[in-house]
file input23.txt (compact mmCIF, C-alpha atoms)
# COMPACT_ATOMS: atom_id res chain seq x y z
CA MET A 18 -173.37 60.93 -98.97
CA ASN A 19 -175.59 60.55 -101.99
CA ARG A 20 -178.46 63.09 -101.72
CA SER A 21 -181.39 63.70 -103.97
CA PHE A 22 -182.00 66.96 -105.79
CA ILE A 23 -184.72 67.89 -103.36
CA ASP A 24 -182.45 67.25 -100.39
CA LEU A 25 -179.95 69.63 -101.88
CA LEU A 26 -182.62 72.37 -102.13
CA LEU A 27 -183.78 71.96 -98.52
CA PRO A 28 -181.15 72.79 -95.90
CA PRO A 29 -180.97 70.59 -92.83
CA SER A 30 -183.26 71.74 -89.89
CA PRO A 31 -180.51 72.60 -87.40
CA SER A 32 -179.28 75.30 -89.72
CA ILE A 33 -182.62 77.20 -89.75
CA LYS A 34 -182.15 80.63 -88.12
CA TRP A 35 -184.57 83.52 -87.73
CA PRO A 36 -183.38 86.82 -89.14
CA GLN A 37 -181.95 89.25 -86.61
CA VAL A 38 -184.18 92.19 -85.67
CA HIS A 39 -182.34 95.47 -85.60
CA ASN A 40 -185.02 97.52 -83.79
CA PRO A 41 -183.82 97.52 -80.17
CA LYS A 42 -187.36 97.97 -78.76
CA ILE A 43 -188.72 95.03 -80.70
CA SER A 44 -185.67 92.84 -80.24
CA LYS A 45 -186.20 92.93 -76.47
CA LEU A 46 -189.77 91.67 -76.83
CA ASP A 47 -190.12 88.03 -75.88
CA ILE A 48 -192.90 85.83 -77.25
CA SER A 49 -193.87 85.07 -73.65
CA ASP A 50 -194.93 88.68 -73.36
CA LEU A 51 -197.91 87.88 -75.57
CA THR A 52 -198.58 84.23 -74.72
CA GLN A 53 -198.33 84.25 -70.93
CA PRO A 54 -201.66 82.97 -69.55
CA PRO A 55 -203.66 85.14 -67.18
CA GLY A 56 -203.26 84.65 -63.48
CA LEU A 57 -199.48 84.08 -63.60
CA GLY A 58 -198.50 87.69 -63.20
CA GLU A 59 -198.78 90.67 -65.49
CA PRO A 60 -196.87 90.25 -68.75
CA PRO A 61 -194.10 92.77 -69.42
CA LEU A 62 -195.95 94.13 -72.46
CA GLN A 63 -199.05 94.77 -70.38
CA LYS A 64 -196.91 96.50 -67.76
CA LYS A 65 -195.46 98.75 -70.43
CA MET A 66 -198.94 99.57 -71.72
CA THR A 67 -200.14 100.27 -68.17
CA LYS A 68 -197.26 102.62 -67.60
CA ALA A 69 -197.99 104.34 -70.89
CA GLY A 70 -201.65 104.87 -69.83
CA GLY A 71 -200.70 105.95 -66.30
CA GLY A 72 -200.67 109.56 -67.39
CA GLU A 73 -204.43 109.51 -68.01
CA ASP A 74 -205.03 107.99 -64.56
CA GLY A 75 -202.88 110.73 -63.08
CA VAL A 76 -204.96 113.40 -64.82
CA VAL A 77 -208.20 111.85 -63.51
CA VAL A 78 -206.82 111.65 -59.97
CA LYS A 79 -205.67 115.25 -60.21
CA LYS A 80 -209.12 116.39 -61.34
CA ILE A 81 -210.75 114.52 -58.46
CA MET A 82 -208.33 116.06 -55.96
CA VAL A 83 -208.97 119.54 -57.37
CA SER A 84 -212.74 118.99 -57.11
CA TYR A 85 -212.41 117.88 -53.49
CA ALA A 86 -210.24 120.92 -52.81
CA TYR A 87 -212.93 123.26 -54.19
CA VAL A 88 -215.58 121.46 -52.13
CA GLY A 89 -213.43 121.82 -49.01
CA ILE A 90 -212.81 125.51 -49.66
CA TRP A 91 -216.54 126.15 -50.20
CA ILE A 92 -217.53 124.25 -47.06
CA GLY A 93 -214.86 126.06 -45.04
CA LEU A 94 -215.83 129.52 -46.24
CA SER A 95 -219.57 128.90 -45.91
CA PHE A 96 -219.03 127.53 -42.42
CA THR A 97 -216.84 130.53 -41.52
CA VAL A 98 -219.29 133.15 -42.83
CA ILE A 99 -222.25 131.66 -40.93
CA VAL A 100 -220.37 131.30 -37.65
CA TYR A 101 -218.72 134.72 -38.11
CA ASN A 102 -222.09 136.43 -38.70
CA LYS A 103 -223.49 134.68 -35.64
CA TYR A 104 -220.52 135.85 -33.58
CA ILE A 105 -220.88 139.49 -34.69
CA LEU A 106 -224.67 139.77 -34.37
CA ASP A 107 -225.35 137.68 -31.25
CA PRO A 108 -225.84 139.92 -28.17
CA THR A 109 -224.01 137.36 -25.99
CA MET A 110 -220.86 137.40 -28.20
CA TYR A 111 -219.49 140.41 -30.10
CA ASN A 112 -222.80 142.20 -29.55
CA PHE A 113 -223.28 144.16 -32.77
CA PRO A 114 -227.04 143.59 -33.32
CA TYR A 115 -227.30 145.65 -36.50
CA PRO A 116 -228.00 143.26 -39.39
CA ILE A 117 -228.71 145.98 -41.97
CA THR A 118 -225.36 147.64 -41.25
CA LEU A 119 -223.52 144.33 -41.54
CA THR A 120 -225.30 143.53 -44.81
CA MET A 121 -224.47 146.96 -46.26
CA ILE A 122 -220.80 146.53 -45.31
CA HIS A 123 -220.79 143.18 -47.14
CA MET A 124 -222.46 144.65 -50.22
CA ALA A 125 -220.10 147.65 -50.40
CA PHE A 126 -217.06 145.38 -50.08
CA CYS A 127 -218.35 142.84 -52.63
CA SER A 128 -219.35 145.57 -55.09
CA SER A 129 -215.86 147.06 -54.98
CA LEU A 130 -214.06 143.75 -55.46
CA ALA A 131 -216.42 142.62 -58.23
CA PHE A 132 -215.80 145.93 -60.04
CA ILE A 133 -212.03 145.43 -59.75
CA LEU A 134 -212.17 141.81 -60.97
CA ILE A 135 -214.32 142.68 -64.01
CA ASN A 136 -213.23 146.18 -65.06
CA VAL A 137 -209.65 146.52 -63.76
CA LEU A 138 -208.08 143.07 -63.63
CA ARG A 139 -210.46 141.66 -66.26
CA LEU A 140 -210.34 138.19 -64.69
CA VAL A 141 -214.07 137.70 -65.26
CA ASP A 142 -215.93 138.56 -68.44
CA ALA A 143 -218.62 141.19 -68.05
CA VAL A 144 -222.17 140.38 -69.15
CA PRO A 145 -223.77 143.42 -70.79
CA ILE A 146 -227.32 144.06 -69.63
CA PRO A 147 -229.51 146.71 -71.31
CA ARG A 148 -230.87 149.45 -69.09
CA ARG A 149 -234.47 148.42 -69.62
CA LEU A 150 -233.72 144.81 -68.66
CA PHE A 151 -231.74 146.02 -65.65
CA LEU A 152 -234.69 148.04 -64.34
CA SER A 153 -237.28 145.36 -65.07
CA SER A 154 -235.32 142.29 -63.94
CA VAL A 155 -232.07 142.96 -62.06
CA LEU A 156 -233.50 145.64 -59.78
CA PRO A 157 -236.39 143.46 -58.46
CA ILE A 158 -233.95 140.59 -57.96
CA GLY A 159 -231.65 142.92 -56.04
CA ALA A 160 -234.54 144.07 -53.85
CA LEU A 161 -235.46 140.48 -52.98
CA TYR A 162 -231.83 139.63 -52.28
CA SER A 163 -231.43 142.59 -49.93
CA LEU A 164 -234.57 141.59 -48.00
CA SER A 165 -233.40 137.99 -47.81
CA LEU A 166 -229.99 138.97 -46.42
CA TRP A 167 -231.48 141.48 -43.99
CA LEU A 168 -233.95 138.99 -42.50
CA SER A 169 -231.51 136.08 -42.54
CA ASN A 170 -228.85 138.04 -40.66
CA SER A 171 -231.48 139.29 -38.22
CA ALA A 172 -232.41 135.71 -37.33
CA TYR A 173 -228.94 135.10 -35.85
CA ILE A 174 -229.87 137.43 -33.00
CA TYR A 175 -232.75 135.20 -31.90
CA LEU A 176 -232.04 131.60 -32.99
CA SER A 177 -229.28 129.01 -32.72
CA VAL A 178 -227.12 128.20 -35.73
CA SER A 179 -228.34 124.59 -35.83
CA PHE A 180 -232.02 125.55 -35.89
CA ILE A 181 -231.41 128.22 -38.55
CA GLN A 182 -229.79 125.59 -40.80
CA THR A 183 -232.81 123.34 -40.32
CA LEU A 184 -235.20 126.12 -41.30
CA LYS A 185 -233.10 126.72 -44.42
CA ALA A 186 -233.90 123.14 -45.45
CA LEU A 187 -237.34 124.47 -46.41
CA MET A 188 -235.79 126.19 -49.43
CA PRO A 189 -236.69 123.36 -51.91
CA VAL A 190 -240.28 123.45 -50.62
CA ALA A 191 -240.54 127.20 -51.18
CA VAL A 192 -238.86 127.08 -54.62
CA TYR A 193 -241.08 124.25 -55.84
CA SER A 194 -244.26 125.88 -54.53
CA LEU A 195 -243.47 129.27 -56.08
CA SER A 196 -242.38 127.68 -59.37
CA PHE A 197 -245.68 125.81 -59.52
CA LEU A 198 -247.64 129.00 -58.80
CA PHE A 199 -245.73 131.18 -61.29
CA ASN A 200 -245.46 128.64 -64.09
CA HIS A 201 -247.34 125.40 -63.46
CA ARG A 202 -246.93 124.32 -67.08
CA GLN A 203 -243.16 123.94 -66.74
CA THR A 204 -243.47 122.72 -63.15
CA PRO A 205 -246.10 119.99 -63.35
CA PHE A 206 -247.70 118.53 -60.25
CA SER A 207 -246.07 115.31 -59.06
CA PRO A 208 -247.27 113.25 -56.08
CA TYR A 209 -243.70 112.04 -55.48
CA THR A 210 -242.40 115.61 -55.31
CA LEU A 211 -245.30 116.60 -53.07
CA SER A 212 -244.53 113.74 -50.67
CA ASN A 213 -240.88 114.79 -50.70
CA MET A 214 -241.82 118.38 -49.83
CA LEU A 215 -244.12 117.18 -47.05
CA GLY A 216 -241.32 115.01 -45.66
CA ILE A 217 -238.95 117.98 -45.49
CA SER A 218 -241.65 120.11 -43.84
CA ALA A 219 -242.38 117.36 -41.30
CA GLY A 220 -238.69 117.13 -40.40
CA VAL A 221 -238.51 120.90 -39.85
CA ALA A 222 -241.69 120.79 -37.74
CA VAL A 223 -240.24 118.01 -35.54
CA ALA A 224 -237.02 119.97 -35.11
CA ALA A 225 -239.01 123.10 -34.20
CA TYR A 226 -241.03 121.10 -31.65
CA GLY A 227 -237.83 120.00 -29.93
CA GLU A 228 -236.05 123.37 -30.13
CA SER A 229 -235.18 124.70 -26.69
CA ARG A 230 -234.53 128.25 -27.94
CA PHE A 231 -237.64 128.57 -30.07
CA ASP A 232 -238.36 132.23 -30.70
CA PRO A 233 -241.39 133.26 -32.81
CA ILE A 234 -239.67 136.46 -33.99
CA GLY A 235 -236.54 134.62 -35.09
CA VAL A 236 -238.55 131.88 -36.84
CA SER A 237 -240.65 134.50 -38.65
CA LEU A 238 -237.50 136.33 -39.79
CA GLN A 239 -235.83 133.17 -41.09
CA LEU A 240 -238.99 131.93 -42.85
CA GLY A 241 -239.32 135.36 -44.45
CA ALA A 242 -235.71 135.14 -45.61
CA VAL A 243 -236.39 131.71 -47.14
CA LEU A 244 -239.48 133.05 -48.91
CA PHE A 245 -237.67 136.07 -50.37
CA GLU A 246 -234.67 133.97 -51.44
CA ALA A 247 -236.91 131.38 -53.10
CA THR A 248 -238.77 134.16 -54.93
CA ARG A 249 -235.44 135.58 -56.08
CA LEU A 250 -234.32 132.20 -57.45
CA VAL A 251 -237.59 131.77 -59.33
CA LEU A 252 -237.35 135.27 -60.80
CA VAL A 253 -233.74 134.67 -61.87
CA GLN A 254 -234.97 131.68 -63.82
CA LYS A 255 -237.97 133.52 -65.22
CA LEU A 256 -236.56 136.99 -65.92
CA LEU A 257 -232.92 136.34 -66.78
CA LYS A 258 -232.20 132.74 -67.78
CA ALA A 259 -235.34 132.56 -69.90
CA LYS A 260 -233.94 135.50 -71.88
CA GLY A 261 -230.55 133.83 -72.35
CA ILE A 262 -228.67 135.84 -69.69
CA GLU A 263 -226.41 133.73 -67.47
CA LEU A 264 -224.82 135.46 -64.48
CA ASN A 265 -222.12 133.74 -62.43
CA PRO A 266 -221.71 134.71 -58.74
CA ILE A 267 -219.14 137.44 -59.58
CA THR A 268 -221.19 139.13 -62.30
CA SER A 269 -224.26 138.74 -60.09
CA LEU A 270 -222.50 140.68 -57.34
CA TYR A 271 -221.38 143.25 -59.91
CA TYR A 272 -225.01 144.08 -60.73
CA VAL A 273 -226.95 143.03 -57.64
CA ALA A 274 -224.71 144.15 -54.76
CA PRO A 275 -224.91 147.89 -55.64
CA CYS A 276 -228.70 147.55 -55.88
CA CYS A 277 -228.79 145.99 -52.41
CA LEU A 278 -226.56 148.74 -51.02
CA VAL A 279 -228.79 151.49 -52.40
CA LEU A 280 -232.07 149.80 -51.48
CA LEU A 281 -230.98 149.11 -47.89
CA THR A 282 -229.95 152.74 -47.31
CA LEU A 283 -233.49 153.96 -46.54
CA PRO A 284 -234.38 151.26 -43.95
CA TRP A 285 -230.90 151.69 -42.44
CA LEU A 286 -231.47 155.44 -42.00
CA ILE A 287 -234.84 154.76 -40.35
CA VAL A 288 -234.12 151.65 -38.24
CA GLU A 289 -230.44 151.44 -37.32
CA TYR A 290 -228.73 154.76 -37.94
CA PRO A 291 -230.45 156.63 -35.06
CA VAL A 292 -229.46 153.84 -32.65
CA LEU A 293 -225.88 153.75 -33.91
CA ARG A 294 -225.64 157.53 -33.65
CA ASP A 295 -226.84 157.59 -30.06
CA THR A 296 -224.93 154.53 -28.88
CA SER A 297 -221.36 155.38 -27.95
CA SER A 298 -220.44 151.71 -27.40
CA SER A 299 -221.03 150.85 -31.04
CA HIS A 300 -217.82 150.83 -33.02
CA LEU A 301 -216.48 149.22 -36.18
CA ASP A 302 -213.44 147.03 -35.73
CA LEU A 303 -211.67 147.16 -39.11
CA PHE A 304 -210.12 143.71 -38.68
CA ILE A 305 -213.38 142.03 -37.63
CA PHE A 306 -215.57 143.57 -40.31
CA GLY A 307 -212.87 143.53 -42.99
CA SER A 308 -212.11 139.85 -42.54
CA ASN A 309 -215.81 139.05 -42.30
CA SER A 310 -216.50 140.87 -45.58
CA LEU A 311 -213.53 139.17 -47.22
CA CYS A 312 -214.91 135.77 -46.20
CA ALA A 313 -218.33 136.73 -47.60
CA PHE A 314 -216.79 137.66 -50.94
CA GLY A 315 -214.58 134.56 -50.91
CA LEU A 316 -217.70 132.46 -50.45
CA ASN A 317 -219.21 133.88 -53.64
CA LEU A 318 -215.93 133.28 -55.47
CA ALA A 319 -215.84 129.70 -54.14
CA VAL A 320 -219.38 129.14 -55.46
CA PHE A 321 -218.22 130.40 -58.85
CA LEU A 322 -215.25 127.99 -58.85
CA LEU A 323 -217.14 125.03 -57.39
CA VAL A 324 -220.01 125.14 -59.88
CA GLY A 325 -217.60 125.82 -62.76
CA LYS A 326 -215.27 122.93 -61.91
CA THR A 327 -217.84 120.41 -60.64
CA SER A 328 -221.62 120.93 -60.73
CA ALA A 329 -224.47 122.58 -58.86
CA LEU A 330 -225.47 119.17 -57.50
CA THR A 331 -222.02 118.76 -55.93
CA MET A 332 -222.57 122.05 -54.12
CA ASN A 333 -225.97 120.86 -52.89
CA VAL A 334 -224.50 117.62 -51.54
CA ALA A 335 -221.64 119.56 -49.96
CA GLY A 336 -224.24 121.85 -48.43
CA VAL A 337 -225.79 118.94 -46.52
CA VAL A 338 -222.35 118.02 -45.15
CA LYS A 339 -221.77 121.65 -44.18
CA ASP A 340 -225.13 121.80 -42.37
CA TRP A 341 -224.28 118.77 -40.22
CA LEU A 342 -220.86 120.23 -39.42
CA LEU A 343 -222.56 123.44 -38.32
CA ILE A 344 -224.97 121.50 -36.13
CA ALA A 345 -222.05 119.67 -34.50
CA PHE A 346 -220.17 122.96 -34.04
CA SER A 347 -223.23 124.69 -32.63
CA TRP A 348 -223.63 121.92 -30.05
CA SER A 349 -219.97 121.39 -29.12
CA VAL A 350 -218.44 124.90 -29.30
CA ILE A 351 -221.25 127.46 -29.06
CA LYS A 352 -222.98 125.19 -26.53
CA ASP A 353 -226.40 125.38 -28.14
CA THR A 354 -228.80 122.77 -26.82
CA VAL A 355 -229.44 119.95 -29.29
CA THR A 356 -232.04 117.43 -28.11
CA PRO A 357 -232.79 113.96 -29.55
CA VAL A 358 -236.01 115.39 -30.98
CA ASN A 359 -233.92 118.05 -32.73
CA LEU A 360 -231.67 115.40 -34.24
CA LEU A 361 -234.67 113.39 -35.43
CA GLY A 362 -236.12 116.46 -37.13
CA TYR A 363 -232.74 117.37 -38.64
CA GLY A 364 -232.36 113.85 -40.02
CA LEU A 365 -235.84 113.81 -41.59
CA ALA A 366 -235.39 117.24 -43.15
CA PHE A 367 -231.94 116.57 -44.60
CA LEU A 368 -232.96 113.13 -45.89
CA GLY A 369 -235.74 114.89 -47.75
CA VAL A 370 -233.27 117.42 -49.16
CA ALA A 371 -230.92 114.61 -50.21
CA TYR A 372 -233.76 112.82 -52.01
CA TYR A 373 -234.74 116.09 -53.68
CA ASN A 374 -231.19 116.54 -54.96
CA HIS A 375 -231.14 112.94 -56.22
CA ALA A 376 -234.42 113.38 -58.07
CA LYS A 377 -233.16 116.64 -59.54
CA LEU A 378 -230.01 114.88 -60.78
CA GLN A 379 -232.04 112.15 -62.45
CA ASP A 380 -234.24 114.76 -64.11
CA MET A 381 -231.16 116.62 -65.38
CA LYS A 382 -229.70 113.39 -66.76
CA ALA A 383 -232.97 112.57 -68.53
CA LYS A 384 -233.05 116.05 -70.11
CA GLU A 385 -229.43 115.71 -71.27
CA GLU A 386 -230.15 112.31 -72.82
CA HIS A 387 -233.20 113.75 -74.56
CA LYS A 388 -231.09 116.61 -75.94
CA LYS A 389 -228.51 114.14 -77.24
CA VAL A 390 -231.18 112.04 -78.94
CA VAL A 391 -232.76 115.10 -80.52
CA ALA A 392 -229.36 116.35 -81.66
CA ALA A 393 -228.52 112.95 -83.13
CA VAL A 394 -231.84 112.77 -84.99
CA GLU A 395 -231.45 116.33 -86.27
CA GLY A 396 -227.87 115.61 -87.29
CA GLU A 397 -228.89 112.49 -89.15
CA ALA A 398 -231.70 114.34 -90.91
CA ALA A 399 -229.31 117.15 -91.83
CA GLY A 400 -226.83 114.58 -93.11
CA LYS A 401 -229.48 112.99 -95.29
CA LEU A 402 -230.45 116.40 -96.67
CA LEU A 403 -226.83 117.21 -97.47
CA GLN A 404 -226.36 113.81 -99.10
CA ALA A 405 -229.49 114.33 -101.18
CA LYS A 406 -228.24 117.77 -102.16
CA ASP A 407 -224.86 116.32 -103.13
CA ASP A 408 -226.52 113.57 -105.18
CA MET A 409 -228.71 116.13 -106.96
CA ASP A 410 -225.68 118.36 -107.63
CA GLU A 411 -223.86 115.36 -109.04
CA GLU A 412 -226.79 114.49 -111.27
CA TRP A 413 -226.99 118.08 -112.53
CA SER A 414 -223.27 118.02 -113.16
CA CYS A 415 -223.60 114.85 -115.23
CA LEU A 416 -226.47 116.38 -117.22
CA ILE A 417 -224.43 119.51 -117.89
CA HIS A 418 -221.48 117.47 -119.12
CA LEU A 419 -223.79 115.44 -121.35
call {"tool": "encode", "arguments": {"input": "input23.txt", "output": "structure tokens"}}
result
Amino acid sequence: MNRSFIDLLLPPSPSIKWPQVHNPKISKLDISDLTQPPGLGEPPLQKKMTKAGGGEDGVVVKKIMVSYAYVGIWIGLSFTVIVYNKYILDPTMYNFPYPITLTMIHMAFCSSLAFILINVLRLVDAVPIPRRLFLSSVLPIGALYSLSLWLSNSAYIYLSVSFIQTLKALMPVAVYSLSFLFNHRQTPFSPYTLSNMLGISAGVAVAAYGESRFDPIGVSLQLGAVLFEATRLVLVQKLLKAKGIELNPITSLYYVAPCCLVLLTLPWLIVEYPVLRDTSSSHLDLFIFGSNSLCAFGLNLAVFLLVGKTSALTMNVAGVVKDWLLIAFSWSVIKDTVTPVNLLGYGLAFLGVAYYNHAKLQDMKAKEEHKKVVAAVEGEAAGKLLQAKDDMDEEWSCLIHL
């Protein structure tokens, strides 16, 4: 029983006990939670952390689902408007071959709803435009838009839905060509872009060669509509965006739709009104034209939501999907003839459009990266200037105190 002094200071090993932890969350934590090797199941601590971060995953999934919902709504409304217009204007269906009248009904309806959304309900912020800018920029854009809608709706009388969608694939070609002509400094010549445009044009030419219902009048009308719409897009970039004015689809309708309504009145009085006046069979079904106009306005609202919640590129990609759905619908339901040559031309044209959208995305990414680099360099330079100013102020302060 004799023990040394040191033995008395050191208690025997069995009596060593760790202090009790009073925090209930920590006391439940086992050391195996941290030391369990990978591959033997997820440690409890990692499971707790995963559950804690599950909220962020839920938010991401929700955003993705909302984006898909907007894409689906836009595709559905765009599909409905095109098929609905075809149904109303085609002489073999509803037989109302008056495209100017239909366009004016759309513009009157959209003008009224845009006015209510902006000035009454105030759901969309108004963009003030000076009178001089309105006359010099908005009015020409409205004139081009009215011509584009007039000719595009007229084409439904002569051509199939599938072939019209293929002709619309020429839009990038027209926009690029006009941009190069109007401002070749900001739209430099590129052999890759030129080959892309030629590929789209070749696809459209193949589809036209295989089109069973090829009509020169209908093709001329649709090509004219593409040309006017491309000119409008270029002028929007040149006359409005270059001056810092950004119009979303609702504010665009607020300013442009009344212009279209007024500008189409004269050709309507000359071309369609005498026929409508003398034709007793022509009548306006409130349900047909009201629902058609509501779909047209809903399409513009869907564009506003889709671009705001996703991106313009998403809308372009969704547009390709919508075009193929329309081609399938045109063949299966409307019973338009779609030949293998048509399908080959469609494929070539839409592949070209898809590549154009991809190249546009890469260009946008490069510009964004350049802006970030410039902002970082400017921020660093500004920081150095501020630091130098602070150092100089400090030196002056020291001199004053001395």
call {"tool": "closest_residue", "arguments": {"input": "input23.txt", "among": "A:Ala172, A:Ala313, A:Ala222, A:Val273", "to": "Pro114 in chain A", "atoms": "only C-alpha atoms"}}
result
A:Ala172
call {"tool": "closest_residue", "arguments": {"input": "input23.txt", "among": "A:Leu250, A:Val355, A:Leu211, A:Leu322", "to": "Ala225 in chain A", "atoms": "only C-alpha atoms"}}
result
A:Val355
call {"tool": "closest_residue", "arguments": {"input": "input23.txt", "among": "A:Gly220, A:Gly159, A:Gly307, A:Gly336", "to": "Pro275 in chain A", "atoms": "all atoms listed in the file"}}
result
A:Gly159
call {"tool": "closest_atom_pairs", "arguments": {"input": "input23.txt", "of": "range 218-283 of chain A", "to": "range 143-155 of chain A", "cutoff": "10 Å", "atoms": "all atoms listed in the file", "output": "tab-separated table"}}
result
residue	atom	partner	partner_atom	distance
A:Leu252	CA	A:Ser154	CA	8.0
A:Val253	CA	A:Ser154	CA	8.1
A:Lys255	CA	A:Ser154	CA	9.3
A:Leu256	CA	A:Ser154	CA	5.8
A:Leu257	CA	A:Ser154	CA	7.0
A:Lys260	CA	A:Leu150	CA	9.9
A:Ile262	CA	A:Val144	CA	7.9
A:Glu263	CA	A:Val144	CA	8.1
A:Leu264	CA	A:Val144	CA	7.3
A:Asn265	CA	A:Val144	CA	9.4
A:Ile267	CA	A:Ala143	CA	9.3
A:Thr268	CA	A:Ala143	CA	6.6
A:Ser269	CA	A:Val155	CA	9.1
A:Tyr271	CA	A:Ala143	CA	8.8
A:Tyr272	CA	A:Val155	CA	7.3
A:Val273	CA	A:Val155	CA	6.8
A:Cys276	CA	A:Val155	CA	8.4
call {"tool": "residues_around", "arguments": {"input": "input23.txt", "residues": "Leu280 in chain A", "least_positions_apart": "4", "cutoff": "10 Å", "atoms": "all atoms listed in the file", "output": "compact mmCIF listing (two decimals) with C-alpha atoms, keeping the file's coordinate frame"}}
result
# COMPACT_ATOMS: atom_id res chain seq x y z
CA MET A 121 -224.47 146.96 -46.26
CA LEU A 156 -233.50 145.64 -59.78
CA GLY A 159 -231.65 142.92 -56.04
CA ALA A 160 -234.54 144.07 -53.85
CA SER A 163 -231.43 142.59 -49.93
CA LEU A 164 -234.57 141.59 -48.00
CA ALA A 274 -224.71 144.15 -54.76
CA PRO A 275 -224.91 147.89 -55.64
CA CYS A 276 -228.70 147.55 -55.88
CA PRO A 284 -234.38 151.26 -43.95
CA TRP A 285 -230.90 151.69 -42.44
call {"tool": "closest_residue", "arguments": {"input": "input23.txt", "among": "A:Thr296, A:Ser165, A:Gln254, A:Asn200", "to": "Leu238 in chain A", "atoms": "only C-alpha atoms"}}
result
A:Ser165
call {"tool": "closest_residue", "arguments": {"input": "input23.txt", "among": "A:Ala335, A:Leu106, A:Ala125, A:Ala224", "to": "Pro357 in chain A", "atoms": "only C-alpha atoms"}}
result
A:Ala224
call {"tool": "atom_distance", "arguments": {"input": "input23.txt", "atom1": "CA of Glu397 in chain A", "atom2": "CA of Leu378 in chain A"}}
result
28.5 Å
call {"tool": "atom_distance", "arguments": {"input": "input23.txt", "atom1": "CA of Thr97 in chain A", "atom2": "CA of Leu270 in chain A"}}
result
19.6 Å
call {"tool": "closest_residue", "arguments": {"input": "input23.txt", "among": "A:Ser129, A:Asn102, A:Thr118, A:Asn112", "to": "Thr282 in chain A", "atoms": "all atoms listed in the file"}}
result
A:Thr118
call {"tool": "residues_around", "arguments": {"input": "input23.txt", "residues": "Phe113 in chain A", "least_positions_apart": "6", "cutoff": "12 Å", "atoms": "all atoms listed in the file", "output": "ChimeraX atom specification"}}
result
/A:101-107,119,170-171,173-174,289,292-293,296,298-302,305-306
call {"tool": "residues_around", "arguments": {"input": "input23.txt", "residues": "range 343-347 of chain A", "least_positions_apart": "2", "cutoff": "10 Å", "atoms": "all atoms listed in the file", "output": "ChimeraX atom specification"}}
result
/A:95-97,99-100,177-183,337-341,349-355,360,363
call {"tool": "atom_distance", "arguments": {"input": "input23.txt", "atom1": "CA of Tyr175 in chain A", "atom2": "CA of Gly235 in chain A"}}
result
5.0 Å
call {"tool": "residues_near_point", "arguments": {"input": "input23.txt", "point": "(-235.5, 118.3, -47.8)", "cutoff": "9 Å", "atoms": "all atoms listed in the file", "output": "PyMOL selection string"}}
result
chain A and resi 186-190+213-218+220-221+365-374
